[in-house]
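Enquirer: Please see the structure below; I have some questions.
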Amino acid sequence: MAYLLFILVFILIFGYREMKKFNFYMLSGVLSSALLVCGFGVLQAQNISDQTHISVAQQTKSEQQPQKKKLTQAERDRALQRFMMAVNLVESSYVSDVDANEIIDKAISGMLSNLDAHSAYLPPKDYEDLRAKTSGSFSGIGITVGMKDGALTIIAPLDDTPAKKVGLKSGDIILKIDDKPTLDMKIDQAVSLMKGKKGTKVTLTIVRTGETKPLKFEIKRDDVKVRSTLVSRIEETNYAYVRVATFDQHVTREVKKGLKELGKFDGIVLDLRGNPGGLLDQAIGLVGLFVKDSVVVSERGKIENVELKTSGQAEFLNVPLVVLVNGGSASASEIVAGALQDYKRAVVVGESTFGKGSVQKIFPFGKESKEALKLTIAKYYLPTGRSIQAVGITPDLVVAESEVPIGAANQLEFKEADLKQHLKNELLQDKKKETSKQDVKDSENKNITQTMVMKDMQLKSAIDVLKTWAVIKGSKQAK
């Protein structure tokens, strides 16, 4: 009897938890935002009890696959002997001259690329390129790629890069690089084909959702200087806008500095759209500006099982926060969005993220070596114990990328401008000139203007959430 009672209580508790997993879809901007923030306000009051659930989830171990039987020393010796026999045979009998160094390089590369899509051998040039990327500048076309459902997919084009300027988008599938099909092509091979000297060109054939035929983009390679952070005000509001394009070594410091320079503000929009990830310590540091002394992510693998926590004062602990994400948000940016969502510290707005939840570590061949291995060593788990691998983060408020609709889109209107013999309206011409001047002004302005907001439905929705949040907060204080 006691056993049956336990089962009943178990079902009731976990049934209730499942009811809480409710996705808000965009029905009408302010109304849906109001519903969302109302719910968020109630959930904030549950933070203390939620911490208990989070701690329990962190202690739950992931499902372990049956471990393979370890080879004996004699079996390992025979395997290595077989490998060396293959090296000697290729060196002595292959049709073209190839030395042992070249054979070993190819063998290591093949071994790692057959493990998973992210493990790779980094010869000297690739290792140097990797270090350049995390320091803030490198050469190329400015995209991050990954494998999704077996296809070479653009995770995100970086801001102000050749790829971004020609119109490549997150989620685009690369069908060909110049005349080479990408079917069964490894990521490192694709990256090598897209690299080249500044000023040279590469043509990408792209498959894009919604397009009936492949698209071709000719891209001129250039030096890519990554501006990782931008902190500014949103005009006609008292909200801060924080754009993090990639997690390089300066992110936490620059965001903190930029927000303090702004002075007082009533809310923050943290834009992680198209952010392919980067340095994990910077992601932890960014969460630490908004959450105090808490686990951000756990790494679980064969050689590492660690919990990574925030430290510091959490200077913006009580400032309302909305996080923007999309299909180009991956890895470190998913960790930031997911942790803030798990702690109910922020409302996440936009589209589902990429779903890269594995950990890669760089293993140089010695202290002075110019080559290294990039090896997947663990998986990421968010504070509640959930994994983002191949699943991603589902926003609290799902909003598709689009411009803000103005007026009744389906309303039939008949104006003088539609008549064959309409007169040219001089006032309209003057208005066009003023609009053109305003566009130039907006491009020179550091702040986020209302013109920019009206071209970005996701950003507009984030601002609506902050406005509704302020209304609900005010009404609670009045009571």
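FYI, nothing fancy with the structure tokens labels: chains A, B, ... in order, residues from 1 per chain, ligands from 1 as they appear.
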If we count only C-alpha atoms, what is near Ala337 in chain A at a cut-off of 8 Å, once residues fewer than 3 positions away on the same chain are taken out, given as a PyMOL selection string?
Expert: chain A and resi 323+325+333-334+340-341+348+393
Enquirer: Next, the residues of the selection above should be written as a compact mmCIF listing (two decimals), in the first residue's frame with N, CA and C atoms.
Expert:
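Okay, selection.txt is ready:
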```txt
# COMPACT_ATOMS: atom_id res chain seq x y z
N VAL A 323 16.67 38.14 -22.79
CA VAL A 323 17.74 37.59 -23.64
C VAL A 323 17.16 37.23 -25.00
N VAL A 325 17.65 35.23 -28.58
CA VAL A 325 18.38 34.11 -29.18
C VAL A 325 17.73 33.73 -30.50
N SER A 333 26.82 30.75 -25.88
CA SER A 333 25.64 31.63 -25.81
C SER A 333 24.41 30.85 -25.35
N GLU A 334 24.34 29.55 -25.69
CA GLU A 334 23.24 28.71 -25.21
C GLU A 334 23.36 28.48 -23.71
N LEU A 340 20.35 31.48 -17.34
CA LEU A 340 19.48 32.58 -16.92
C LEU A 340 18.01 32.16 -16.95
N GLN A 341 17.67 31.30 -17.90
CA GLN A 341 16.30 30.78 -17.98
C GLN A 341 16.02 29.81 -16.82
N VAL A 348 13.56 34.67 -22.00
CA VAL A 348 14.26 34.38 -23.25
C VAL A 348 13.27 34.54 -24.41
N ILE A 393 17.98 25.56 -26.80
CA ILE A 393 17.16 26.27 -25.82
C ILE A 393 15.87 26.72 -26.50
```
Enquirer: Could you please determine the separation between CA of Ser232 in chain A and CA of Lys164 in chain A in Å, to one decimal place?
Expert: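 We find that CA of Ser232 in chain A and CA of Lys164 in chain A lie 21.4 Å from each other.
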Enquirer: Please return as a list in words: the residues of range 323-395 of chain A that backbone DSSP assigns to helix (DSSP H, G or I).
Expert: Ala332, Ser333, Glu334, Ile335, Val336, Ala337, Gly338, Ala339, Leu340, Gln341 and Asp342 of chain A
Enquirer: Between A:Ile219, A:Val207, A:Leu158, A:Leu262, which has the minimum distance to Asp178 in chain A (counting only C-alpha atoms)?
Expert: A:Ile219
Enquirer: Which is closer to Val224 in chain A than all the others in A:Met84, A:Ile206, A:Leu270, A:Ile141, using only C-alpha atoms?
Expert: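 Selected residue with least distance to Val224 in chain A: A:Ile141.
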Enquirer: Which value, in Å to one decimal, gives the distance between CA of Leu382 in chain A and CA of Pro364 in chain A?
Expert: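 Computing it gives 28.5 Å between the two atoms.
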Enquirer: So which one's closest to His118 in chain A, A:Val359, A:Ile463, A:Ala330, A:Val399? Using only C-alpha atoms, please.
Expert: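 Comparing A:Val359, A:Ile463, A:Ala330, A:Val399 against His118 in chain A, the winner is A:Val359.
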